[in-house]
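Asker: One file: entry.csv (CSV, C-alpha atoms).
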```csv
chain,number,residue,atom,x,y,z
A,237,MET,CA,0.0,0.0,0.0
A,238,THR,CA,2.8,2.4,0.8
A,239,ILE,CA,4.3,2.0,-2.6
A,240,GLN,CA,0.9,2.5,-4.3
A,241,LEU,CA,0.4,5.6,-2.1
A,242,LEU,CA,3.8,7.1,-3.1
A,243,ASP,CA,3.0,6.4,-6.7
A,244,ASN,CA,-0.3,8.3,-6.4
A,245,VAL,CA,1.2,11.2,-4.5
A,246,MET,CA,4.6,11.7,-6.2
A,247,SER,CA,4.4,10.2,-9.6
A,248,PRO,CA,6.7,12.2,-12.0
A,249,GLU,CA,4.5,11.3,-14.9
A,250,VAL,CA,1.4,13.0,-13.5
A,251,GLY,CA,2.9,15.6,-11.1
A,252,ALA,CA,2.0,16.0,-7.5
A,253,GLN,CA,-1.4,14.8,-6.6
A,254,LYS,CA,-3.4,14.2,-3.5
A,255,GLY,CA,-4.1,10.6,-2.5
A,256,PRO,CA,-7.6,9.3,-3.2
A,257,ALA,CA,-8.9,9.4,0.4
A,258,GLY,CA,-6.8,11.8,2.4
A,259,PRO,CA,-3.9,10.9,4.6
A,260,PRO,CA,-3.0,7.2,5.2
A,261,PRO,CA,-3.9,5.6,8.5
A,262,GLY,CA,-1.9,7.0,11.4
A,263,MET,CA,-0.6,10.0,9.3
A,264,GLY,CA,-2.6,13.0,10.5
A,265,ALA,CA,-6.2,11.8,10.4
A,266,ALA,CA,-8.2,11.3,13.6
A,267,PRO,CA,-8.4,7.7,14.8
A,268,PRO,CA,-11.6,5.9,13.7
A,269,GLY,CA,-14.5,7.0,15.8
A,270,ARG,CA,-12.7,10.0,17.1
A,271,GLY,CA,-13.3,12.5,14.3
A,272,MET,CA,-15.0,15.9,14.9
A,273,PRO,CA,-18.8,15.8,15.4
A,274,PRO,CA,-20.9,17.1,12.5
A,275,PRO,CA,-21.6,20.9,12.7
A,276,GLY,CA,-24.3,21.8,15.2
A,277,GLN,CA,-23.7,18.6,17.3
A,278,GLY,CA,-21.2,19.9,19.8
A,279,GLY,CA,-17.5,20.4,19.6
A,280,PRO,CA,-15.5,23.6,19.2
A,281,PRO,CA,-16.9,26.6,17.2
A,282,PRO,CA,-15.8,26.9,13.6
A,283,SER,CA,-12.4,28.5,13.2
A,284,ARG,CA,-12.4,32.2,12.6
A,285,GLY,CA,-8.6,32.3,12.0
A,286,GLY,CA,-6.0,33.8,14.3
A,287,PRO,CA,-4.8,32.3,17.6
A,288,PRO,CA,-7.1,30.2,19.7
A,289,GLN,CA,-9.4,32.1,22.1
A,290,GLY,CA,-7.5,33.3,25.1
A,291,PHE,CA,-4.2,33.3,23.4
A,292,GLY,CA,-2.8,36.6,22.1
A,293,ALA,CA,0.3,37.6,20.3
A,294,PRO,CA,3.5,36.5,22.0
A,295,PRO,CA,5.2,39.1,24.2
A,296,PRO,CA,7.8,41.3,22.5
A,297,PRO,CA,11.4,40.2,23.0
A,298,SER,CA,13.0,41.3,26.3
A,299,SER,CA,16.1,42.6,24.5
A,300,ALA,CA,16.6,44.3,21.1
A,301,MET,CA,19.4,43.6,18.6
A,302,ALA,CA,22.3,46.0,18.6
A,303,LYS,CA,22.3,48.8,16.2
A,304,ARG,CA,24.0,48.1,12.9
A,305,LEU,CA,27.6,49.5,12.6
A,306,ASP,CA,28.3,52.1,9.9
A,307,THR,CA,31.6,50.4,9.2
A,308,LEU,CA,33.8,47.5,10.4
A,309,ASP,CA,37.0,49.5,9.7
A,310,LYS,CA,39.3,49.3,12.8
A,311,LYS,CA,36.6,47.3,14.7
A,312,THR,CA,36.9,44.0,16.6
A,313,VAL,CA,34.6,41.2,15.3
A,314,TYR,CA,34.1,38.1,17.4
A,315,LEU,CA,33.7,34.9,15.3
A,316,VAL,CA,31.8,32.5,17.6
A,317,ASP,CA,31.9,28.8,16.7
A,318,THR,CA,28.8,27.1,18.2
A,319,GLY,CA,30.3,23.6,17.9
A,320,PHE,CA,27.7,22.6,15.4
A,321,GLY,CA,29.2,20.5,12.5
A,322,GLY,CA,31.2,22.6,10.1
A,323,SER,CA,31.1,25.8,12.3
A,324,TYR,CA,34.8,25.6,13.1
A,325,GLN,CA,35.8,25.4,9.5
A,326,PHE,CA,33.4,28.2,8.5
A,327,MET,CA,34.9,30.5,11.1
A,328,LEU,CA,38.4,29.7,9.9
A,329,GLN,CA,37.4,30.6,6.4
A,330,LEU,CA,35.7,33.8,7.5
A,331,GLN,CA,38.7,34.9,9.5
A,332,LYS,CA,40.9,34.3,6.5
A,333,TRP,CA,38.5,36.3,4.4
A,334,PHE,CA,38.7,39.3,6.8
A,335,LYS,CA,42.5,39.1,6.9
A,336,GLU,CA,42.7,39.2,3.1
A,337,ASN,CA,39.9,41.6,2.3
A,338,MET,CA,39.5,43.9,5.4
A,339,PRO,CA,42.9,43.8,7.2
A,340,SER,CA,41.9,46.7,9.5
A,341,VAL,CA,39.3,44.5,11.1
A,342,THR,CA,40.5,42.5,14.2
A,343,THR,CA,38.9,39.1,14.4
A,344,ILE,CA,38.8,36.9,17.5
A,345,ARG,CA,37.7,33.4,17.1
A,346,LYS,CA,36.0,31.7,20.1
A,347,ARG,CA,34.2,28.5,20.7
A,348,LYS,CA,30.9,28.9,22.5
A,349,PRO,CA,31.1,26.9,25.8
A,350,GLY,CA,28.7,24.2,26.7
A,351,ASN,CA,26.0,22.6,24.6
A,352,VAL,CA,25.5,23.6,20.9
A,353,PHE,CA,21.9,24.5,21.4
A,354,MET,CA,21.9,26.4,24.7
A,355,ASP,CA,24.1,28.6,26.8
A,356,ASP,CA,25.7,27.2,29.9
A,357,ASN,CA,27.1,30.5,31.1
A,358,ASN,CA,27.4,34.1,30.0
A,359,GLU,CA,31.2,34.6,30.2
A,360,LEU,CA,31.7,34.7,26.5
A,361,TRP,CA,28.8,37.1,25.9
A,362,GLU,CA,30.1,39.4,28.6
A,363,GLU,CA,33.6,39.4,27.0
A,364,VAL,CA,32.0,40.2,23.6
A,365,LYS,CA,30.1,43.1,25.1
A,366,VAL,CA,33.3,44.6,26.7
A,367,LYS,CA,35.9,43.9,24.0
A,368,GLY,CA,34.0,43.5,20.8
A,369,ASN,CA,32.1,45.7,18.4
A,370,ALA,CA,30.3,43.0,16.5
A,371,VAL,CA,29.8,39.2,16.6
A,372,VAL,CA,29.2,36.6,13.9
A,373,LEU,CA,27.5,33.6,15.6
A,374,GLY,CA,28.4,30.6,13.4
A,375,VAL,CA,26.1,27.8,12.6
A,376,ALA,CA,27.0,25.5,9.8
A,377,GLY,CA,25.9,22.1,8.7
```
Translate the structure of the given file into structure tokens.

Answerer:
Amino acid sequence: MTIQLLDNVMSPEVGAQKGPAGPPPGMGAAPPGRGMPPPGQGGPPPSRGGPPQGFGAPPPPSSAMAKRLDTLDKKTVYLVDTGFGGSYQFMLQLQKWFKENMPSVTTIRKRKPGNVFMDDNNELWEEVKVKGNAVVLGVAG
């Protein structure tokens, strides 16, 4: 059945199509007997768009991004490697580019401490605030 479904959905000869009866079992449809009741027989009101009732827009961020610099000439730019695959090599290449194309820019390469996806401490960010003018946070992949 899976092969037949894939042929129906993604056949290059006929282009993208929807399957004959919606999603296959277990792939997004409500389990048998648990579908929405017919209109007028209970259940939530019809959707009017927007967030669900009682939920508004998310609060604004607590901090704003730094103002854009007019120039990088004679500035210090931190190149922060997050530890994600390829980030180290990317930062090496970026540092080389600055040296060849903008030699007045001082670059400092640093590895973000801790886990790739979250901060374990603020030491690096405090250093960047004190000694740096800009930062490139490197994610590669």

Asker: Taking all atoms listed in the file into account, name the residue in A:Thr342, A:Thr318, A:Gln329, A:Asn351 that is nearest to Lys367 in chain A.

Answerer: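 Among the listed residues, A:Thr342 lies closest to Lys367 in chain A.
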
Asker: Neighbours of Lys348 in chain A within 7 Å (all atoms listed in the file; same-chain residues fewer than 2 positions away dropped), as a list in words?

Answerer: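 What passes the distance filter is Val316, Asp317, Thr318, Lys346 and Gly350 of chain A.
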
Asker: Between CA of Thr312 in chain A and CA of Ala370 in chain A, what is the distance in Å, rounded to a tenth?

Answerer: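 According to the coordinates, CA of Thr312 in chain A and CA of Ala370 in chain A are separated by 6.7 Å.
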
Asker: How many Å separate CA of Val372 in chain A from CA of Leu315 in chain A?

Answerer: 5.0 Å

Asker: Can you list, as number ranges by chain, every protein, DNA or RNA residue that comes within 9 Å of Phe320 in chain A when you count all atoms listed in the file, leaving out same-chain residues fewer than 6 positions away?

Answerer: A: 352-353, 374-377

Asker: Keeping only C-alpha atoms, write the selected residues as a short mmCIF file (atom, residue, chain, number, x, y, z; two decimals), in the frame of the given file.

Answerer:
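Saved the output as out-v3.cif:
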```cif
data_model
loop_
_atom_site.label_atom_id
_atom_site.label_comp_id
_atom_site.auth_asym_id
_atom_site.auth_seq_id
_atom_site.Cartn_x
_atom_site.Cartn_y
_atom_site.Cartn_z
CA VAL A 352 25.50 23.60 20.90
CA PHE A 353 21.90 24.50 21.40
CA GLY A 374 28.40 30.60 13.40
CA VAL A 375 26.10 27.80 12.60
CA ALA A 376 27.00 25.50 9.80
CA GLY A 377 25.90 22.10 8.70
#
```

Asker: Do you have the CA of Gly319 in chain A-CA of Asn358 in chain A distance handy?

Answerer: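 Distance reported for this atom pair: 16.3 Å.
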